[in-house]
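File shown: run_29.txt (compact mmCIF, C-alpha atoms).
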# COMPACT_ATOMS: atom_id res chain seq x y z
CA MET A 1 61.20 8.03 56.80
CA LYS A 2 59.53 5.17 58.60
CA ALA A 3 56.92 3.08 56.84
CA LYS A 4 54.09 4.29 59.05
CA HIS A 5 55.00 7.93 58.38
CA GLN A 6 54.97 7.19 54.67
CA ARG A 7 51.50 5.68 55.03
CA LEU A 8 50.29 8.66 57.04
CA VAL A 9 51.49 11.14 54.41
CA LEU A 10 50.00 9.02 51.64
CA VAL A 11 46.59 8.75 53.34
CA LEU A 12 46.49 12.45 54.16
CA LEU A 13 47.43 13.41 50.59
CA ALA A 14 44.73 11.11 49.21
CA LEU A 15 42.17 12.59 51.59
CA ALA A 16 43.15 16.17 50.70
CA ALA A 17 42.79 15.37 46.99
CA LEU A 18 39.40 13.73 47.56
CA PHE A 19 38.06 16.59 49.67
CA GLY A 20 39.32 19.12 47.14
CA ALA A 21 37.64 17.27 44.28
CA VAL A 22 34.34 16.98 46.12
CA LEU A 23 34.41 20.64 47.17
CA LEU A 24 34.91 21.63 43.52
CA ALA A 25 31.99 19.42 42.51
CA ILE A 26 29.79 20.95 45.21
CA TYR A 27 30.79 24.44 44.13
CA ALA A 28 29.76 23.61 40.56
CA LEU A 29 26.50 22.13 41.85
CA ARG A 30 25.57 24.97 44.16
CA ASN A 31 22.64 26.16 42.07
CA GLN A 32 21.47 22.80 40.73
CA ALA A 33 21.40 21.22 44.19
CA SER A 34 19.20 23.92 45.72
CA TYR A 35 15.72 22.78 46.56
CA PHE A 36 13.99 25.96 45.42
CA TYR A 37 14.42 29.37 43.80
CA LEU A 38 14.45 32.46 45.98
CA PRO A 39 12.27 35.31 44.60
CA GLU A 40 15.36 37.35 43.65
CA GLN A 41 16.80 34.34 41.78
CA MET A 42 13.48 33.83 40.00
CA GLU A 43 13.36 37.49 38.97
CA ALA A 44 16.99 37.54 37.82
CA SER A 45 16.73 34.38 35.68
CA PRO A 46 13.07 33.41 35.32
CA PRO A 47 12.37 29.76 34.42
CA ALA A 48 10.39 29.09 31.23
CA VAL A 49 6.63 29.65 31.48
CA GLY A 50 5.02 26.33 32.43
CA GLN A 51 8.26 24.68 33.61
CA ALA A 52 7.83 22.89 36.96
CA VAL A 53 9.93 24.65 39.62
CA ARG A 54 9.85 25.43 43.33
CA LEU A 55 9.73 28.90 44.82
CA GLY A 56 10.76 29.48 48.43
CA GLY A 57 10.72 32.51 50.65
CA MET A 58 8.67 34.35 53.21
CA VAL A 59 4.92 34.98 53.00
CA ALA A 60 4.74 38.78 53.01
CA PRO A 61 2.73 40.03 56.03
CA GLY A 62 -0.65 41.44 54.97
CA SER A 63 -0.52 39.89 51.50
CA LEU A 64 -2.60 36.77 52.14
CA GLU A 65 -6.08 36.97 50.59
CA THR A 66 -8.78 34.35 50.13
CA LEU A 67 -10.66 34.65 46.84
CA SER A 68 -14.46 34.46 46.63
CA ASP A 69 -14.48 30.70 45.84
CA GLY A 70 -13.21 30.12 49.39
CA ILE A 71 -10.35 27.72 48.63
CA THR A 72 -8.10 29.79 46.38
CA VAL A 73 -5.60 32.04 48.12
CA THR A 74 -3.19 34.60 46.79
CA PHE A 75 -0.12 35.92 48.57
CA THR A 76 3.30 37.41 47.88
CA VAL A 77 6.55 35.57 48.53
CA THR A 78 9.48 37.82 49.42
CA GLY A 79 13.17 36.98 49.59
CA ARG A 80 16.26 38.36 51.27
CA GLU A 81 16.27 41.44 49.08
CA ASP A 82 13.15 43.47 48.33
CA SER A 83 11.95 41.23 45.55
CA ALA A 84 8.49 39.69 45.52
CA VAL A 85 6.66 37.08 43.47
CA PRO A 86 2.84 36.86 43.56
CA VAL A 87 1.54 33.32 44.16
CA ARG A 88 -1.89 31.73 43.61
CA TYR A 89 -2.82 28.41 45.22
CA THR A 90 -6.01 26.35 45.34
CA GLY A 91 -6.23 23.74 48.07
CA ILE A 92 -5.75 23.05 51.76
CA LEU A 93 -3.08 25.10 53.51
CA PRO A 94 -0.54 23.35 55.79
CA ASP A 95 -0.85 24.03 59.53
CA LEU A 96 2.32 26.09 59.76
CA PHE A 97 1.40 28.30 56.81
CA VAL A 98 1.03 31.83 58.21
CA GLU A 99 1.99 35.33 57.09
CA GLY A 100 5.58 36.20 57.97
CA SER A 101 6.63 32.55 57.92
CA GLY A 102 8.64 30.52 55.41
CA VAL A 103 7.01 28.64 52.53
CA VAL A 104 8.08 26.47 49.60
CA ALA A 105 5.62 26.44 46.68
CA GLU A 106 5.74 23.78 43.94
CA GLY A 107 4.30 24.88 40.63
CA ARG A 108 5.10 27.03 37.62
CA LEU A 109 5.12 30.62 36.42
CA ASP A 110 2.29 31.78 34.16
CA ALA A 111 2.71 34.27 31.32
CA GLY A 112 1.72 37.17 33.59
CA GLY A 113 4.49 36.48 36.09
CA THR A 114 2.23 34.96 38.74
CA PHE A 115 3.41 31.71 40.30
CA ILE A 116 0.68 29.06 40.12
CA ALA A 117 1.30 26.64 43.01
CA ASP A 118 0.13 23.02 42.90
CA ASN A 119 1.44 22.26 46.36
CA LEU A 120 2.57 24.28 49.37
CA LEU A 121 5.13 23.18 51.97
CA ALA A 122 5.55 25.17 55.17
CA LYS A 123 9.17 25.90 56.06
CA HIS A 124 10.12 26.04 59.70
CA ASP A 125 12.90 28.39 60.81
CA GLU A 126 15.67 27.51 63.25
CA ASN A 127 13.93 29.12 66.25
CA TYR A 128 12.20 27.05 68.89
CA VAL A 129 10.17 29.22 71.27
CA PRO A 130 7.39 28.22 73.69
CA ARG A 131 4.02 29.75 72.84
CA GLU A 132 3.77 31.90 75.97
CA LEU A 133 7.00 33.79 75.28
CA GLU A 134 6.50 34.41 71.57
CA GLY A 135 8.10 37.70 70.50
CA MET A 136 8.60 38.86 74.05
CA SER A 137 11.63 39.82 76.02
CA GLU A 138 11.76 38.62 79.62
CA HIS A 139 10.94 42.10 80.80
CA GLN A 140 7.81 42.27 78.64
CA ALA A 141 6.74 38.81 79.79
CA ALA A 142 7.02 39.83 83.42
CA LYS A 143 5.08 43.04 82.72
CA MET A 144 2.33 41.10 80.97
CA ALA A 145 1.99 38.78 83.93
CA GLU A 146 1.66 41.85 86.14
CA ASP A 147 -0.90 43.53 83.85
CA THR A 148 -3.13 40.50 83.56
CA THR A 149 -3.24 39.86 87.30
CA VAL A 150 -3.76 43.51 88.35
CA GLY A 151 -7.17 44.12 89.95
CA LEU A 152 -7.88 40.44 90.36
CA GLU A 153 -7.59 40.41 94.14
CA MET B 1 47.34 4.91 73.64
CA HIS B 2 49.43 1.86 72.73
CA GLY B 3 48.42 0.39 76.08
CA PHE B 4 44.74 0.41 75.16
CA ALA B 5 45.50 -1.07 71.75
CA ASN B 6 46.31 -4.32 73.57
CA PRO B 7 43.12 -6.43 73.22
CA LYS B 8 43.57 -8.01 76.66
CA ARG B 9 43.77 -4.68 78.41
CA PHE B 10 40.90 -3.40 76.28
CA LEU B 11 38.69 -6.35 77.26
CA ALA B 12 39.41 -5.79 80.96
CA LEU B 13 38.45 -2.12 80.60
CA ALA B 14 35.40 -2.75 78.41
CA GLY B 15 34.18 -5.44 80.82
CA TRP B 16 33.13 -2.92 83.46
CA LEU B 17 32.77 0.17 81.23
CA THR B 18 30.10 -1.36 78.95
CA PRO B 19 27.38 -1.91 81.59
CA LEU B 20 28.27 1.41 83.24
CA LEU B 21 27.76 3.35 79.98
CA LEU B 22 24.58 1.47 79.05
CA VAL B 23 22.88 1.83 82.44
CA SER B 24 23.78 5.50 82.95
CA GLY B 25 22.81 6.25 79.34
CA LEU B 26 19.43 4.54 79.66
CA VAL B 27 18.68 6.37 82.92
CA LEU B 28 19.65 9.79 81.50
CA THR B 29 17.77 9.22 78.23
CA ALA B 30 14.63 8.03 79.99
CA GLY B 31 14.78 11.05 82.31
CA ALA B 32 15.30 13.47 79.43
CA LEU B 33 12.43 11.99 77.42
CA VAL B 34 10.00 12.04 80.35
CA TRP B 35 11.06 15.64 80.97
CA GLY B 36 10.68 16.59 77.31
CA PHE B 37 7.38 14.77 76.77
CA THR B 38 5.57 15.90 79.91
CA GLN B 39 7.18 19.00 81.44
CA VAL B 40 7.97 21.22 78.43
CA PRO B 41 5.37 23.64 76.96
CA PRO B 42 4.40 23.34 73.27
CA ASP B 43 6.24 25.37 70.63
CA ARG B 44 4.60 28.57 69.38
CA LEU B 45 4.17 27.23 65.81
CA MET B 46 4.63 23.48 65.90
CA GLY B 47 2.73 22.83 69.11
CA GLU B 48 3.14 19.38 70.64
CA THR B 49 5.16 17.93 67.75
CA VAL B 50 8.21 19.90 68.95
CA ARG B 51 8.83 17.00 71.37
CA ILE B 52 10.22 14.89 68.51
CA LEU B 53 13.24 17.22 68.81
CA PHE B 54 14.46 15.26 71.85
CA ILE B 55 14.88 12.07 69.79
CA HIS B 56 15.53 13.49 66.32
CA VAL B 57 18.49 15.75 67.13
CA PRO B 58 20.53 13.36 69.35
CA THR B 59 20.10 10.48 66.88
CA ALA B 60 21.06 12.74 63.94
CA TRP B 61 24.24 13.89 65.69
CA LEU B 62 25.18 10.34 66.69
CA GLY B 63 24.42 8.99 63.21
CA MET B 64 27.04 11.44 61.92
CA GLY B 65 29.30 10.88 64.95
CA GLY B 66 29.27 7.13 64.24
CA TRP B 67 30.76 7.64 60.80
CA THR B 68 33.28 10.11 62.16
CA ALA B 69 34.39 7.39 64.59
CA ILE B 70 34.62 4.90 61.69
CA ALA B 71 36.77 7.36 59.70
CA VAL B 72 39.16 8.13 62.57
CA SER B 73 39.52 4.46 63.52
CA SER B 74 40.07 3.54 59.87
CA LEU B 75 42.83 6.15 59.61
CA VAL B 76 44.51 4.76 62.73
CA PHE B 77 44.20 1.23 61.33
CA LEU B 78 45.60 2.14 57.91
CA VAL B 79 48.55 4.14 59.24
CA TRP B 80 49.51 2.45 62.51
CA ARG B 81 48.02 -1.01 61.74
CA HIS B 82 46.39 -1.43 65.14
CA PRO B 83 43.98 -4.37 64.71
CA LEU B 84 41.81 -3.00 67.52
CA ALA B 85 41.16 0.15 65.48
CA ALA B 86 39.56 -1.95 62.74
CA ILE B 87 37.40 -3.63 65.38
CA ALA B 88 36.40 -0.21 66.76
CA ALA B 89 35.39 1.00 63.30
CA ARG B 90 33.25 -2.07 62.72
CA GLY B 91 31.75 -1.74 66.21
CA ALA B 92 30.48 1.76 65.44
CA ALA B 93 28.76 0.75 62.19
CA VAL B 94 25.60 -0.99 63.44
CA PRO B 95 24.69 1.56 66.16
CA GLY B 96 25.49 4.34 63.66
CA LEU B 97 23.09 2.83 61.12
CA VAL B 98 20.35 2.34 63.73
CA PHE B 99 20.63 5.94 64.94
CA THR B 100 20.62 7.26 61.37
CA LEU B 101 17.47 5.27 60.62
CA ILE B 102 15.79 6.56 63.81
CA CYS B 103 16.72 10.10 62.74
CA LEU B 104 15.23 9.57 59.26
CA ALA B 105 12.04 8.00 60.65
CA THR B 106 11.42 10.66 63.31
CA GLY B 107 12.23 13.41 60.79
CA SER B 108 9.70 11.99 58.37
CA ILE B 109 7.02 11.76 61.08
CA TRP B 110 7.85 15.34 62.09
CA GLY B 111 7.79 16.60 58.51
CA ARG B 112 4.20 15.48 57.85
CA PRO B 113 2.49 17.87 60.34
CA THR B 114 5.01 20.74 60.14
CA TRP B 115 6.03 20.93 56.47
CA GLY B 116 3.05 19.09 55.04
CA THR B 117 5.09 16.24 53.52
CA TRP B 118 6.70 12.97 54.64
CA TRP B 119 9.75 13.33 52.43
CA VAL B 120 11.39 15.79 50.03
CA TRP B 121 14.62 15.41 48.07
CA ASP B 122 16.37 18.45 49.50
CA GLY B 123 20.08 18.54 50.35
CA ARG B 124 19.82 17.62 54.03
CA LEU B 125 17.36 14.74 53.72
CA THR B 126 19.09 13.26 50.69
CA SER B 127 22.59 13.41 52.20
CA MET B 128 21.31 11.78 55.41
CA LEU B 129 19.72 8.96 53.38
CA VAL B 130 23.06 8.52 51.58
CA LEU B 131 24.69 8.15 55.03
CA ALA B 132 22.30 5.28 55.84
CA PHE B 133 23.22 3.54 52.56
CA LEU B 134 26.94 4.07 53.28
CA TYR B 135 26.49 2.34 56.64
CA VAL B 136 24.78 -0.65 54.98
CA ALA B 137 27.62 -0.94 52.44
CA TYR B 138 30.26 -0.60 55.17
CA ILE B 139 28.67 -3.34 57.30
CA ALA B 140 28.54 -5.67 54.28
CA LEU B 141 32.20 -4.93 53.46
CA GLY B 142 33.24 -5.53 57.07
CA GLN B 143 31.53 -8.92 57.09
CA ALA B 144 33.10 -9.80 53.75
CA ALA B 145 36.53 -8.91 55.15
CA GLU B 146 35.98 -11.29 58.06
CA ARG B 147 34.25 -14.21 56.33
CA GLU B 148 35.50 -14.16 52.77
CA GLY B 149 39.07 -13.27 53.59
CA VAL B 150 38.95 -9.83 51.94
CA SER B 151 41.68 -7.56 53.28
CA ALA B 152 40.54 -5.50 56.29
CA ARG B 153 42.06 -2.51 54.50
CA ILE B 154 39.18 -2.42 51.98
CA PRO B 155 36.46 -1.49 54.53
CA ALA B 156 38.93 0.90 56.20
CA ILE B 157 39.52 2.76 52.92
CA PHE B 158 35.76 2.84 52.32
CA GLY B 159 35.26 4.24 55.84
CA LEU B 160 37.69 7.06 55.07
CA LEU B 161 36.16 7.86 51.67
CA GLY B 162 32.64 7.89 53.09
CA ALA B 163 33.66 10.59 55.58
CA ILE B 164 33.32 13.18 52.81
CA ASN B 165 29.55 12.92 53.30
CA ILE B 166 29.74 14.18 56.90
CA PRO B 167 30.68 17.82 56.13
CA ILE B 168 28.18 17.72 53.25
CA ILE B 169 25.35 16.76 55.64
CA ASN B 170 26.45 19.42 58.09
CA ARG B 171 26.69 22.22 55.48
CA SER B 172 23.79 21.11 53.24
CA VAL B 173 21.34 23.55 54.80
CA VAL B 174 23.83 26.43 54.51
CA TRP B 175 25.16 25.87 50.98
CA TRP B 176 21.83 25.12 49.34
CA ASN B 177 18.25 26.32 49.75
CA SER B 178 16.53 23.47 51.54
CA LEU B 179 13.21 22.72 53.15
CA HIS B 180 15.05 21.64 56.30
CA GLN B 181 15.77 24.66 58.49
CA PRO B 182 19.32 25.96 58.99
CA PRO B 183 21.22 24.79 62.11
CA SER B 184 19.67 25.93 65.39
CA ILE B 185 22.76 25.20 67.46
CA THR B 186 26.08 26.52 66.19
CA MET B 187 29.35 27.25 67.98
CA GLY B 188 28.46 29.23 71.07
CA LYS B 189 24.85 30.14 70.30
CA SER B 190 21.46 28.51 70.11
CA ALA B 191 18.16 29.54 68.55
CA ILE B 192 16.41 27.00 70.75
CA ASP B 193 14.80 28.44 73.86
CA GLY B 194 16.39 27.27 77.13
CA ILE B 195 13.20 25.46 78.09
CA PHE B 196 13.71 23.06 75.14
CA LEU B 197 17.52 23.19 75.17
CA MET B 198 18.02 21.78 78.68
CA PRO B 199 16.20 18.44 78.18
CA LEU B 200 17.72 18.25 74.68
CA MET B 201 21.26 18.44 76.06
CA VAL B 202 20.50 15.77 78.69
CA ALA B 203 19.06 13.57 75.92
CA VAL B 204 22.21 14.12 73.81
CA ILE B 205 24.42 13.00 76.71
CA GLY B 206 22.15 10.03 77.44
CA PHE B 207 22.00 8.83 73.83
CA SER B 208 25.79 9.30 73.50
CA LEU B 209 26.42 7.08 76.54
CA ILE B 210 24.12 4.39 75.09
CA PHE B 211 25.97 4.70 71.77
CA GLY B 212 29.35 4.26 73.50
CA GLY B 213 28.09 1.27 75.46
CA VAL B 214 26.74 -0.44 72.33
CA VAL B 215 30.03 0.18 70.46
CA LEU B 216 32.00 -1.45 73.30
CA ALA B 217 29.57 -4.38 73.42
CA ARG B 218 29.86 -4.83 69.62
CA MET B 219 33.68 -4.72 69.86
CA ARG B 220 33.70 -7.40 72.56
CA ALA B 221 31.41 -9.58 70.45
CA LEU B 222 33.64 -9.14 67.36
CA LEU B 223 36.78 -9.97 69.38
CA ALA B 224 35.10 -13.07 70.85
CA ASP B 225 34.10 -14.09 67.32
CA ILE B 226 37.68 -13.80 66.06
CA GLN B 227 39.01 -15.75 69.07
CA ALA B 228 36.48 -18.54 68.62
CA GLU B 229 37.32 -18.86 64.95
CA ALA B 230 41.08 -18.95 65.63
CA ARG B 231 40.51 -21.66 68.22
CA LEU B 232 38.45 -23.73 65.79
CA ARG B 233 41.12 -23.39 63.12
CA ARG B 234 43.82 -24.51 65.56
CA ARG B 235 41.76 -27.55 66.57
CA ALA B 236 41.21 -28.48 62.92
CA MET B 237 44.97 -28.23 62.29
CA GLU B 238 45.71 -30.50 65.26
CA ALA B 239 43.20 -33.07 64.05
CA ASP B 240 44.92 -33.37 60.68
structure tokens encoding of this file:
Amino acid sequence: MKAKHQRLVLVLLALAALFGAVLLAIYALRNQASYFYLPEQMEASPPAVGQAVRLGGMVAPGSLETLSDGITVTFTVTGREDSAVPVRYTGILPDLFVEGSGVVAEGRLDAGGTFIADNLLAKHDENYVPRELEGMSEHQAAKMAEDTTVGLE
Amino acid sequence: MHGFANPKRFLALAGWLTPLLLVSGLVLTAGALVWGFTQVPPDRLMGETVRILFIHVPTAWLGMGGWTAIAVSSLVFLVWRHPLAAIAARGAAVPGLVFTLICLATGSIWGRPTWGTWWVWDGRLTSMLVLAFLYVAYIALGQAAEREGVSARIPAIFGLLGAINIPIINRSVVWWNSLHQPPSITMGKSAIDGIFLMPLMVAVIGFSLIFGGVVLARMRALLADIQAEARLRRRAMEAD
């Protein structure tokens, strides 16, 4: 075996060992390194009442309500499964905060199971769509253009 | 491949390739940015801030690509002992750091209006910041190897070890819940509408050409440095 082949084998073995070790570490970290709890994770293993945690998920459509003081809102955060955590927040909402969109709430659970948020972060999804085509197929878009121009002439 | 490992032949090639890459890259990038900033409609949720995409994504990819280049060159240097491979690895470090910093800065500026925060310690943002620190350490090690007589194998080994961060950055939004969204562009499909995707791809090509041009320019500068130092040493020996 030539010297350079020996070096190649040695380097590759070292790299394989390193990658294996790091992968094991990441596997062990997979829950600790998450930025927030999903609602189903929070229901399955609830954090202690008053402990500072983050809750992330989707703002359930139709659940957003503004209380009578005008700056407190309540809504429900849903996850991948049909689990839901009620949230209460007092303060200014971020621009991207809308029903049916992602949110990360920083705060803590109260004794009644409601999540009291001190801070809200809007989560963007991976989709980038121009405003005009939102939720439309090309066929629908063409039909809309037709509908809105009909009778104009 | 052995032919290009000859520094003389490399210098002849890099002499005309460097300006070609830089000029074509600047033209393509400028075109893509003008296109993206003036001709593309706003995003349905983010509005006008979606235009940061055309800088943020190419610089993020090239920040990671720079370290991949360092790792591959370091492997070639360690196994086959081509001196030019060590030069190539060092040449990719400074542009890689600059692109990583641009990615972090534009991401932070983008995060304020969309997420409502400049910075969070989620998996993606943290691992990208670690990449920037790795670049700084690598550059310092490379300079130490040249000036203080540290073996060039030390930065090469560090370049290989640091590569473990690249798959972590890439997978961070899949393995862990993060504020950063999951990847929009994966093998063979894209969640980015064509109207944004076209200028983005042109910007990626443009930024990549600039990156390549800067790496070649850095390599020529490093080679000239080594030559000048060797010449000085020879002259000092003759004077003795």
With distances taken over all atoms listed in the file, the candidate from B:Gln181, B:Asn165, B:Ser108, B:Asn6 nearest chain A is B:Gln181
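Between atom CA of Ala71 of chain B and atom CA of Leu216 of chain B the separation is 16.9 Å.
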Determine which residues of chain B sit within 8 Å of chain A, taking into account only C-alpha atoms, and present them as a PDB file with C-alpha atoms, keeping the file's coordinate frame.
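What ended up in part.pdb:
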ATOM      1  CA  PRO B  41       5.370  23.640  76.960  1.00  0.00           C
ATOM      2  CA  PRO B  42       4.400  23.340  73.270  1.00  0.00           C
ATOM      3  CA  ASP B  43       6.240  25.370  70.630  1.00  0.00           C
ATOM      4  CA  ARG B  44       4.600  28.570  69.380  1.00  0.00           C
ATOM      5  CA  LEU B  45       4.170  27.230  65.810  1.00  0.00           C
ATOM      6  CA  MET B  46       4.630  23.480  65.900  1.00  0.00           C
ATOM      7  CA  GLY B  47       2.730  22.830  69.110  1.00  0.00           C
ATOM      8  CA  LEU B  75      42.830   6.150  59.610  1.00  0.00           C
ATOM      9  CA  LEU B  78      45.600   2.140  57.910  1.00  0.00           C
ATOM     10  CA  VAL B  79      48.550   4.140  59.240  1.00  0.00           C
ATOM     11  CA  TRP B  80      49.510   2.450  62.510  1.00  0.00           C
ATOM     12  CA  PRO B 113       2.490  17.870  60.340  1.00  0.00           C
ATOM     13  CA  THR B 114       5.010  20.740  60.140  1.00  0.00           C
ATOM     14  CA  TRP B 115       6.030  20.930  56.470  1.00  0.00           C
ATOM     15  CA  GLY B 116       3.050  19.090  55.040  1.00  0.00           C
ATOM     16  CA  THR B 117       5.090  16.240  53.520  1.00  0.00           C
ATOM     17  CA  TRP B 121      14.620  15.410  48.070  1.00  0.00           C
ATOM     18  CA  ASP B 122      16.370  18.450  49.500  1.00  0.00           C
ATOM     19  CA  GLY B 123      20.080  18.540  50.350  1.00  0.00           C
ATOM     20  CA  LEU B 160      37.690   7.060  55.070  1.00  0.00           C
ATOM     21  CA  LEU B 161      36.160   7.860  51.670  1.00  0.00           C
ATOM     22  CA  ILE B 164      33.320  13.180  52.810  1.00  0.00           C
ATOM     23  CA  TRP B 175      25.160  25.870  50.980  1.00  0.00           C
ATOM     24  CA  TRP B 176      21.830  25.120  49.340  1.00  0.00           C
ATOM     25  CA  ASN B 177      18.250  26.320  49.750  1.00  0.00           C
ATOM     26  CA  SER B 178      16.530  23.470  51.540  1.00  0.00           C
ATOM     27  CA  LEU B 179      13.210  22.720  53.150  1.00  0.00           C
ATOM     28  CA  HIS B 180      15.050  21.640  56.300  1.00  0.00           C
ATOM     29  CA  GLN B 181      15.770  24.660  58.490  1.00  0.00           C
ATOM     30  CA  PRO B 182      19.320  25.960  58.990  1.00  0.00           C
ATOM     31  CA  PRO B 183      21.220  24.790  62.110  1.00  0.00           C
ATOM     32  CA  SER B 184      19.670  25.930  65.390  1.00  0.00           C
ATOM     33  CA  ALA B 191      18.160  29.540  68.550  1.00  0.00           C
ATOM     34  CA  ILE B 192      16.410  27.000  70.750  1.00  0.00           C
ATOM     35  CA  ASP B 193      14.800  28.440  73.860  1.00  0.00           C
ATOM     36  CA  ILE B 195      13.200  25.460  78.090  1.00  0.00           C
ATOM     37  CA  PHE B 196      13.710  23.060  75.140  1.00  0.00           C
TER      38      PHE B 196
END
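Distance-wise, atom CA of Pro46 of chain A and atom CA of Ala111 of chain A end up 11.1 Å apart.
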Please indicate the distance in Å from atom CA of Leu129 of chain B to atom CA of Leu101 of chain B, rounded to one decimal place. 8.4 Å
Compile the contact shell of Pro19 of chain B as a ChimeraX atom specification: residues with an atom at most 9 Å away, counting all atoms listed in the file, same-chain residues fewer than 5 positions apart removed. /B:14,24,213,217
Within 12 Å of Ala44 of chain A, counting only C-alpha atoms, which residues show up once you throw out same-chain ones fewer than 3 positions away? Write them as a short mmCIF file (atom, residue, chain, number, x, y, z; two decimals) with C-alpha atoms, in the frame of the given file, please.
data_model
loop_
_atom_site.label_atom_id
_atom_site.label_comp_id
_atom_site.auth_asym_id
_atom_site.auth_seq_id
_atom_site.Cartn_x
_atom_site.Cartn_y
_atom_site.Cartn_z
CA TYR A 37 14.42 29.37 43.80
CA LEU A 38 14.45 32.46 45.98
CA PRO A 39 12.27 35.31 44.60
CA GLU A 40 15.36 37.35 43.65
CA GLN A 41 16.80 34.34 41.78
CA PRO A 47 12.37 29.76 34.42
CA GLU A 81 16.27 41.44 49.08
CA SER A 83 11.95 41.23 45.55
CA ALA A 84 8.49 39.69 45.52
CA VAL A 85 6.66 37.08 43.47
#
Selection near segment 135-152 of chain B, 12 Å with all atoms listed in the file, sequence-local residues under 2 positions removed, as a PyMOL selection string: chain B and resi 63-64+66-68+70-71+74+77-78+81-101+128-133+154-163+165+222-223+225-226+229-230
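Distance check against Thr74 of chain A using only C-alpha atoms: of A:Val49, A:Ala117, A:Ala17, A:Ala28, the minimum falls on A:Ala117.
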